[in-house]
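Here is query-v1.cif, consisting of mmCIF, C-alpha atoms and all ligand atoms:
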```
data_final
loop_
_atom_site.label_atom_id
_atom_site.label_comp_id
_atom_site.auth_asym_id
_atom_site.auth_seq_id
_atom_site.Cartn_x
_atom_site.Cartn_y
_atom_site.Cartn_z
CA MET X 733 0.00 0.00 0.00
CA PRO X 734 2.42 2.70 -1.21
CA PHE X 735 -0.25 5.39 -0.56
CA PHE X 736 0.51 5.22 3.21
CA TYR X 737 4.28 5.58 2.95
CA PRO X 738 4.44 9.40 2.65
CA ARG X 739 2.04 9.69 5.57
CA LEU X 740 4.17 7.35 7.68
CA LEU X 741 7.26 9.29 6.72
CA LEU X 742 5.63 12.55 7.81
CA ILE X 743 4.61 11.04 11.16
CA PHE X 744 8.16 9.74 11.66
CA LEU X 745 9.63 13.16 10.81
CA PHE X 746 7.24 14.89 13.21
CA TYR X 747 8.25 12.64 16.13
CA PHE X 748 11.93 12.90 15.21
CA CYS X 749 11.82 16.73 15.22
CA PHE X 750 9.83 16.69 18.49
CA ALA X 751 12.41 14.39 20.13
CA VAL X 752 15.31 16.58 18.92
CA ALA X 753 13.59 19.72 20.26
CA GLN X 754 13.02 18.02 23.64
CA ALA X 755 16.68 16.98 23.83
CA GLN X 756 17.98 20.57 23.38
CA PRO X 757 18.95 22.18 26.69
CA THR X 758 16.98 25.34 27.45
CA GLN X 759 18.98 28.43 26.65
CA THR X 760 19.26 31.29 29.11
CA GLU X 761 18.97 34.74 27.58
CA ILE X 762 19.73 37.70 29.80
CA ARG X 763 18.93 41.17 28.54
CA TYR X 764 20.39 44.12 30.40
CA TYR X 765 18.47 47.39 30.60
CA GLY X 766 20.96 49.30 32.78
CA THR X 767 21.15 49.76 36.60
CA GLY X 768 19.82 46.49 38.14
CA CYS X 769 17.18 45.91 35.47
CA PHE X 770 17.30 42.62 33.57
CA THR X 771 14.98 40.19 31.92
CA VAL X 772 16.28 36.66 32.34
CA GLN X 773 14.50 34.31 29.96
CA ARG X 774 14.52 30.53 29.75
CA GLY X 775 11.92 29.31 27.30
CA GLU X 776 8.57 30.72 28.37
CA ASN X 777 9.78 31.66 31.85
CA VAL X 778 11.05 35.18 32.40
CA LEU X 779 12.30 36.98 35.49
CA LEU X 780 12.29 40.79 35.69
CA THR X 781 14.66 42.41 38.19
CA ASP X 782 14.74 45.96 39.60
CA PRO X 783 12.30 47.42 37.04
CA PHE X 784 13.84 50.71 35.89
CA ILE X 785 14.51 51.55 32.25
CA GLY X 786 14.06 55.34 32.01
CA ASN X 787 17.08 57.36 33.00
CA PRO X 788 15.92 60.77 34.31
CA SER X 789 18.76 63.30 34.34
CA ALA X 790 20.58 64.21 37.56
CA THR X 791 18.94 67.68 37.49
CA LYS X 792 15.49 66.13 37.33
CA VAL X 793 16.29 63.64 40.07
CA LEU X 794 17.68 66.25 42.44
CA PHE X 795 15.37 69.19 41.74
CA GLY X 796 12.36 68.00 39.78
CA LYS X 797 9.65 65.40 39.50
CA ILE X 798 10.51 61.92 38.35
CA ARG X 799 7.91 59.83 36.59
CA THR X 800 8.11 57.09 33.99
CA ASP X 801 8.68 58.48 30.52
CA THR X 802 6.43 55.96 28.80
CA ALA X 803 7.59 56.77 25.24
CA TYR X 804 11.21 56.29 26.30
CA VAL X 805 10.55 53.00 28.11
CA LYS X 806 8.49 51.73 25.14
CA LEU X 807 11.35 52.53 22.82
CA TYR X 808 13.86 50.38 24.70
CA MET X 809 11.95 47.47 26.24
CA ASN X 810 11.26 44.20 24.48
CA PRO X 811 7.49 43.62 24.91
CA ALA X 812 7.72 39.94 23.86
CA ALA X 813 9.87 39.16 26.91
CA PHE X 814 7.85 41.36 29.26
CA ARG X 815 4.63 39.54 28.33
CA LYS X 816 6.26 36.32 29.61
CA VAL X 817 7.44 37.67 32.97
CA LYS X 818 6.46 35.17 35.68
CA LEU X 819 8.28 36.73 38.64
CA VAL X 820 9.46 40.24 39.47
CA VAL X 821 12.05 40.89 42.19
CA ALA X 822 13.09 44.32 43.45
CA ALA X 823 16.09 44.63 45.77
CA HIS X 824 14.97 47.85 47.43
CA SER X 825 12.63 50.73 46.76
CA HIS X 826 14.77 53.62 45.53
CA TYR X 827 13.47 55.05 42.25
CA ASP X 828 16.30 53.48 40.22
CA HIS X 829 15.14 49.99 41.27
CA LEU X 830 11.36 50.29 41.08
CA MET X 831 10.07 53.44 39.40
CA ASP X 832 9.01 52.00 36.03
CA LEU X 833 7.12 49.02 37.46
CA PRO X 834 3.66 50.70 37.51
CA TYR X 835 3.94 51.32 33.76
CA LEU X 836 5.45 47.88 33.03
CA SER X 837 2.67 46.24 35.07
CA ASN X 838 0.39 46.99 32.11
CA ILE X 839 2.48 44.63 29.98
CA ILE X 840 3.44 41.79 32.34
CA PRO X 841 0.72 39.20 33.14
CA ASP X 842 -1.77 40.10 35.87
CA SER X 843 -0.98 36.92 37.82
CA THR X 844 2.79 37.58 38.10
CA PRO X 845 3.89 37.98 41.74
CA ILE X 846 5.92 41.11 42.49
CA VAL X 847 8.39 40.34 45.25
CA CYS X 848 9.81 43.43 46.98
CA ASN X 849 10.19 44.89 50.46
CA LYS X 850 7.31 46.22 52.60
CA THR X 851 8.23 49.81 51.79
CA GLY X 852 7.91 49.03 48.07
CA LYS X 853 4.50 47.49 48.66
CA HIS X 854 3.32 50.62 50.50
CA LEU X 855 4.86 52.91 47.86
CA LEU X 856 3.31 51.10 44.91
CA SER X 857 -0.12 50.69 46.51
CA PHE X 858 -1.03 54.07 45.02
CA TYR X 859 -1.02 52.54 41.52
CA GLU X 860 -3.43 49.70 42.34
CA MET X 861 -1.55 47.29 40.08
CA LYS X 862 -3.32 44.02 39.26
CA GLN X 863 -0.37 41.79 40.17
CA PRO X 864 -0.13 40.31 43.71
CA MET X 865 2.51 42.07 45.82
CA VAL X 866 4.66 39.92 48.09
CA ALA X 867 6.53 41.76 50.86
CA ALA X 868 9.54 39.51 51.34
CA ASN X 869 10.78 41.00 54.64
CA ASP X 870 8.93 38.51 56.84
CA GLY X 871 10.16 35.37 55.12
CA MET X 872 13.65 36.59 54.27
CA GLY X 873 16.61 34.36 55.00
CA THR X 874 20.03 35.40 56.27
CA ASN X 875 23.52 33.99 55.90
CA ALA X 876 22.59 31.55 58.69
CA PHE X 877 18.87 30.86 58.11
CA VAL X 878 16.97 29.59 55.10
CA GLY X 879 14.00 31.80 54.18
CA THR X 880 10.69 31.21 52.39
CA TRP X 881 10.41 30.36 48.69
CA HIS X 882 7.96 32.47 46.71
CA TYR X 883 6.67 30.70 43.57
CA SER X 884 5.37 31.82 40.21
CA VAL X 885 1.72 30.90 39.64
CA ASP X 886 2.64 27.82 37.60
CA SER X 887 5.49 26.82 40.00
CA THR X 888 8.10 26.87 37.23
CA MET X 889 10.07 29.61 38.99
CA ARG X 890 10.74 30.53 42.59
CA THR X 891 12.71 33.07 44.59
CA MET X 892 14.00 33.44 48.13
CA ALA X 893 14.99 36.84 49.59
CA PHE X 894 17.91 37.42 51.96
CA LYS X 895 18.58 40.28 54.36
CA SER X 896 21.02 42.62 52.72
CA MET X 897 22.03 46.26 53.02
CA HIS X 898 22.59 49.39 50.97
CA PRO X 899 25.96 51.14 50.78
CA PRO X 900 26.16 54.91 51.38
CA GLN X 901 25.64 56.93 48.19
CA THR X 902 28.25 59.53 49.05
CA ALA X 903 30.59 60.62 51.87
CA GLY X 904 29.45 57.73 54.09
CA ILE X 905 25.82 58.93 54.03
CA ASN X 906 22.96 56.68 53.04
CA PHE X 907 20.18 59.00 51.84
CA TRP X 908 16.50 58.05 51.61
CA ASN X 909 16.82 55.04 53.90
CA LYS X 910 13.42 55.22 55.61
CA ARG X 911 10.80 52.49 55.79
CA TYR X 912 7.09 52.99 55.20
CA ALA X 913 4.64 51.29 57.54
CA GLN X 914 1.49 52.24 55.64
CA ASP X 915 0.27 52.84 52.13
CA LEU X 916 1.10 56.17 50.50
CA VAL X 917 -1.97 58.20 49.66
CA ALA X 918 -0.22 60.42 47.10
CA GLU X 919 1.69 59.39 44.00
CA PRO X 920 5.46 59.11 44.58
CA SER X 921 6.89 61.84 42.37
CA ILE X 922 10.16 63.13 43.82
CA VAL X 923 13.32 61.19 44.63
CA SER X 924 12.77 61.30 48.41
CA ASP X 925 9.37 59.60 48.01
CA TRP X 926 11.24 56.48 46.87
CA GLN X 927 12.64 55.37 50.23
CA GLU X 928 14.90 52.33 50.45
CA GLY X 929 13.14 50.03 52.96
CA GLN X 930 14.87 46.73 53.76
CA THR X 931 17.43 45.95 51.06
CA LEU X 932 17.29 42.32 49.89
CA SER X 933 19.28 39.96 47.71
CA TYR X 934 17.54 37.12 45.85
CA MET X 935 18.17 33.54 44.83
CA VAL X 936 16.03 32.66 41.81
CA ASP X 937 15.43 29.15 40.45
CA TRP X 938 13.99 27.94 37.15
CA LEU X 939 12.42 24.52 37.72
CA GLU X 940 11.93 21.72 35.22
CA ASP X 941 9.84 18.80 36.54
CA SER X 942 10.31 20.33 40.01
CA VAL X 943 14.10 20.09 39.71
CA VAL X 944 16.30 23.20 39.62
CA ALA X 945 17.53 23.59 36.04
CA TYR X 946 19.15 27.01 36.38
CA ARG X 947 19.88 29.20 39.40
CA MET X 948 20.96 32.80 39.67
CA PHE X 949 21.81 35.02 42.60
CA PHE X 950 20.95 38.71 42.39
CA MET X 951 22.51 41.33 44.65
CA SER X 952 22.17 44.76 43.07
CA SER X 953 23.81 46.67 45.93
CA MET X 954 27.10 45.78 47.53
CA ALA X 955 26.81 44.89 51.21
CA LYS X 956 29.02 44.47 54.23
CA THR X 957 29.45 40.75 55.02
CA PRO X 958 27.43 38.79 56.14
CA ASN X 959 24.60 40.91 54.70
CA GLY X 960 23.20 39.65 51.42
CA LEU X 961 24.63 36.13 51.84
CA PHE X 962 22.70 32.83 52.09
CA PRO X 963 23.30 29.56 54.00
CA LYS X 964 25.73 27.29 52.18
CA GLU X 965 23.40 24.31 52.56
CA LEU X 966 21.17 25.73 49.81
CA LEU X 967 23.93 24.90 47.35
CA ASP X 968 23.44 21.15 47.99
CA GLU X 969 20.41 21.27 45.72
CA HIS X 970 22.02 23.28 42.93
CA GLY X 971 25.00 25.59 42.48
CA ILE X 972 24.84 29.18 41.25
CA ASP X 973 25.00 29.45 37.47
CA ASP X 974 24.97 33.22 37.17
CA LEU X 975 25.84 35.75 39.88
CA LEU X 976 24.64 39.30 39.29
CA ILE X 977 26.33 41.76 41.65
CA GLY X 978 26.29 45.52 42.02
CA ALA X 979 29.56 47.20 41.11
CA SER X 980 29.00 50.81 42.22
CA GLY X 981 30.73 52.24 45.26
CA SER X 982 33.34 49.50 45.59
CA ALA X 983 35.45 51.71 47.85
CA GLU X 984 32.86 51.25 50.63
CA TYR X 985 33.57 47.67 51.68
CA SER X 986 37.06 46.40 51.09
CA SER X 987 36.04 42.74 51.27
CA PHE X 988 33.24 43.02 48.68
CA PRO X 989 32.70 41.01 46.49
CA GLY X 990 35.03 38.35 47.97
CA PRO X 991 32.59 36.55 50.33
CA VAL X 992 29.65 36.41 47.92
CA VAL X 993 31.86 35.15 45.09
CA GLU X 994 33.51 32.54 47.32
CA LEU X 995 30.09 31.37 48.52
CA CYS X 996 28.48 31.22 45.07
CA LYS X 997 31.40 29.95 42.96
CA PRO X 998 29.35 30.89 39.90
CA LYS X 999 29.92 29.95 36.28
CA ARG X 1000 29.45 33.59 35.25
CA ILE X 1001 29.56 36.89 37.09
CA LEU X 1002 27.73 39.89 35.68
CA LEU X 1003 28.74 43.22 37.19
CA ILE X 1004 25.61 45.34 37.33
CA HIS X 1005 24.54 48.90 38.21
CA TRP X 1006 27.95 50.03 36.96
CA GLU X 1007 26.97 52.66 34.45
CA ASN X 1008 26.05 56.31 34.85
CA PHE X 1009 22.27 55.98 34.98
CA PHE X 1010 21.67 59.72 34.80
CA ARG X 1011 22.67 59.63 31.11
CA SER X 1012 20.16 58.86 28.39
CA LYS X 1013 20.52 55.52 26.63
CA GLU X 1014 21.00 57.57 23.45
CA GLU X 1015 24.42 58.67 24.74
CA PRO X 1016 27.43 56.33 24.93
CA PHE X 1017 27.40 54.29 28.16
CA LYS X 1018 29.94 55.40 30.77
CA ALA X 1019 30.91 53.99 34.15
CA ILE X 1020 29.72 56.00 37.15
CA ASP X 1021 32.98 55.08 38.90
CA SER X 1022 35.46 53.80 36.33
CA ASN X 1023 38.30 53.32 38.86
CA GLY X 1024 36.05 51.30 41.17
CA LEU X 1025 34.80 49.16 38.29
CA GLU X 1026 38.34 48.50 37.11
CA ALA X 1027 39.49 47.59 40.64
CA MET X 1028 36.56 45.23 41.13
CA THR X 1029 37.13 43.50 37.79
CA LYS X 1030 40.82 43.08 38.63
CA SER X 1031 40.10 41.63 42.07
CA LEU X 1032 37.51 39.22 40.59
CA LYS X 1033 39.99 37.99 37.99
CA GLU X 1034 42.45 37.25 40.80
CA LYS X 1035 39.84 35.46 42.93
CA CYS X 1036 38.07 33.37 40.30
CA SER X 1037 39.25 30.41 38.31
CA SER X 1038 39.92 30.95 34.61
CA GLU X 1039 36.66 29.09 33.84
CA THR X 1040 34.54 31.81 35.47
CA GLN X 1041 33.39 34.38 32.96
CA ILE X 1042 33.40 37.95 34.27
CA ILE X 1043 31.10 40.20 32.27
CA THR X 1044 30.37 43.91 32.44
CA PRO X 1045 27.11 43.91 30.51
CA ILE X 1046 26.36 46.76 28.12
CA PRO X 1047 22.78 48.04 28.43
CA LEU X 1048 20.41 46.80 25.70
CA ASN X 1049 22.61 43.78 24.94
CA TYR X 1050 21.97 40.07 25.45
CA TYR X 1051 24.09 37.60 27.46
ZN ZN S 1 19.54 52.46 46.10
#
```
Final structure tokens representation of the file:
Amino acid sequence: MPFFYPRLLLIFLFYFCFAVAQAQPTQTEIRYYGTGCFTVQRGENVLLTDPFIGNPSATKVLFGKIRTDTAYVKLYMNPAAFRKVKLVVAAHSHYDHLMDLPYLSNIIPDSTPIVCNKTGKHLLSFYEMKQPMVAANDGMGTNAFVGTWHYSVDSTMRTMAFKSMHPPQTAGINFWNKRYAQDLVAEPSIVSDWQEGQTLSYMVDWLEDSVVAYRMFFMSSMAKTPNGLFPKELLDEHGIDDLLIGASGSAEYSSFPGPVVELCKPKRILLIHWENFFRSKEEPFKAIDSNGLEAMTKSLKEKCSSETQIITPIPLNYY
């Protein structure tokens, strides 16, 4: 019955292609938007970190009102990835880690949990976003204690927050370090409205059949040890594939990033929040502290094995 042969061949080809596709390991695609803002995509599962894409000028930040420039954010963000965001984590609630989330919440799915600190929850309450807000302070871990996992709705991703800290911005002073205990009734519109709250670092897992397939650790501000660290026992389940660490202000803590790098022993290190975020993305990217960035890169190269990739990501590029 030669009539059936082409049909059989097609069925065979279909199953062959399906099997090949299943056998391919899932690729991780990290897109950097500047400061601590990334989308980290594996298949259909995307993480969004420290949502901030607009770069208001220093004059505006210090003397004016700061609000999301929607046309600017639209120009630079990739909506296809944002529509797949299944978890959002924000390390603290300064404007350069959170300000564009109310606008982006119109693009990310309504069911996506937003994990931030309590101050962020109170700050953002004004916007009445559809997504559930998870204040991670209560379940946060420390270097000695395991915290609570927060899952995406479909349980393909999870995150655990750890108690961290924020370095001083200048001359040993940490500005805007208050915590809110209740919802704001007015829209946050000037820099001092965006108070820090409890700074957190995050472990994030991508799960395949309930097993960790990829793990990253996100620490967008440098912290004095043991702040920002996690208990070593968590590594028994899976090591750290990518470590994303803040690179600004490296003069503050002489030991940073030694302890976090020694704990994580990651395959790749991405140095984040390194660029001058007061400059428009239309201008060439420049380090906010080029000597500090150079010193940190040098010290990492000395500490890490030659297999560890050390990357200073360029905003709007993929890694
Ligand atoms: Zn900050």
Let me have all residues with an atom within 8 Å of ligand ZN 1 (chain S), counting all atoms listed in the file, laid out as a count of residues only. 10
From the set X:Lys997, X:His1005, X:Arg815, X:Lys862, which residue has the shortest atom-to-atom contact distance to Cys1036 (chain X), counting only C-alpha atoms?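 Closest to Cys1036 (chain X) of all the choices is X:Lys997.
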Could you list, with a cut-off of 12 Å and counting only C-alpha atoms, the residues of region 853-952 of chain X near region 966-969 of chain X, each shown with its nearest atom pair and the distance in Å rounded to one decimal, rows sorted by chain and ascending number, as CSV?
```
residue,atom,partner,partner_atom,distance
X:Gly873,CA,X:Leu966,CA,11.1
X:Thr874,CA,X:Leu966,CA,11.7
X:Asn875,CA,X:Leu966,CA,10.5
X:Ala876,CA,X:Leu966,CA,10.7
X:Phe877,CA,X:Leu966,CA,10.0
X:Val878,CA,X:Leu966,CA,7.8
X:Gly879,CA,X:Leu966,CA,10.4
X:Trp881,CA,X:Leu966,CA,11.8
X:Met892,CA,X:Leu966,CA,10.7
X:Met935,CA,X:Leu966,CA,9.7
X:Val936,CA,X:Leu966,CA,11.8
X:Asp937,CA,X:Glu969,CA,10.7
X:Leu939,CA,X:Glu969,CA,11.8
X:Ser942,CA,X:Glu969,CA,11.6
X:Val943,CA,X:Glu969,CA,8.8
X:Val944,CA,X:Glu969,CA,7.6
X:Ala945,CA,X:Glu969,CA,10.4
X:Tyr946,CA,X:Glu969,CA,11.0
X:Arg947,CA,X:Leu967,CA,9.9
X:Met948,CA,X:Leu967,CA,11.4
X:Phe949,CA,X:Leu967,CA,11.4
```
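From CA of Asn959 (chain X) back to CA of Met872 (chain X), the distance works out to 11.8 Å.
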Just the number, please: distance in Å from CA of Pro1045 (chain X) to CA of Ala1019 (chain X), one decimal.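 Separation of CA of Pro1045 (chain X) and CA of Ala1019 (chain X): 11.4 Å.
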Quick one: contact table of region 880-921 of chain X to region 787-807 of chain X, 12 Å max, nearest atom pair and distance in Å to one decimal per residue, counting all atoms listed in the file, chain and number order, as a Markdown table?
```
| residue | atom | partner | partner_atom | distance |
| --- | --- | --- | --- | --- |
| X:Glu919 | CA | X:Arg799 | CA | 9.7 |
| X:Pro920 | CA | X:Arg799 | CA | 8.4 |
| X:Ser921 | CA | X:Lys797 | CA | 5.3 |
```
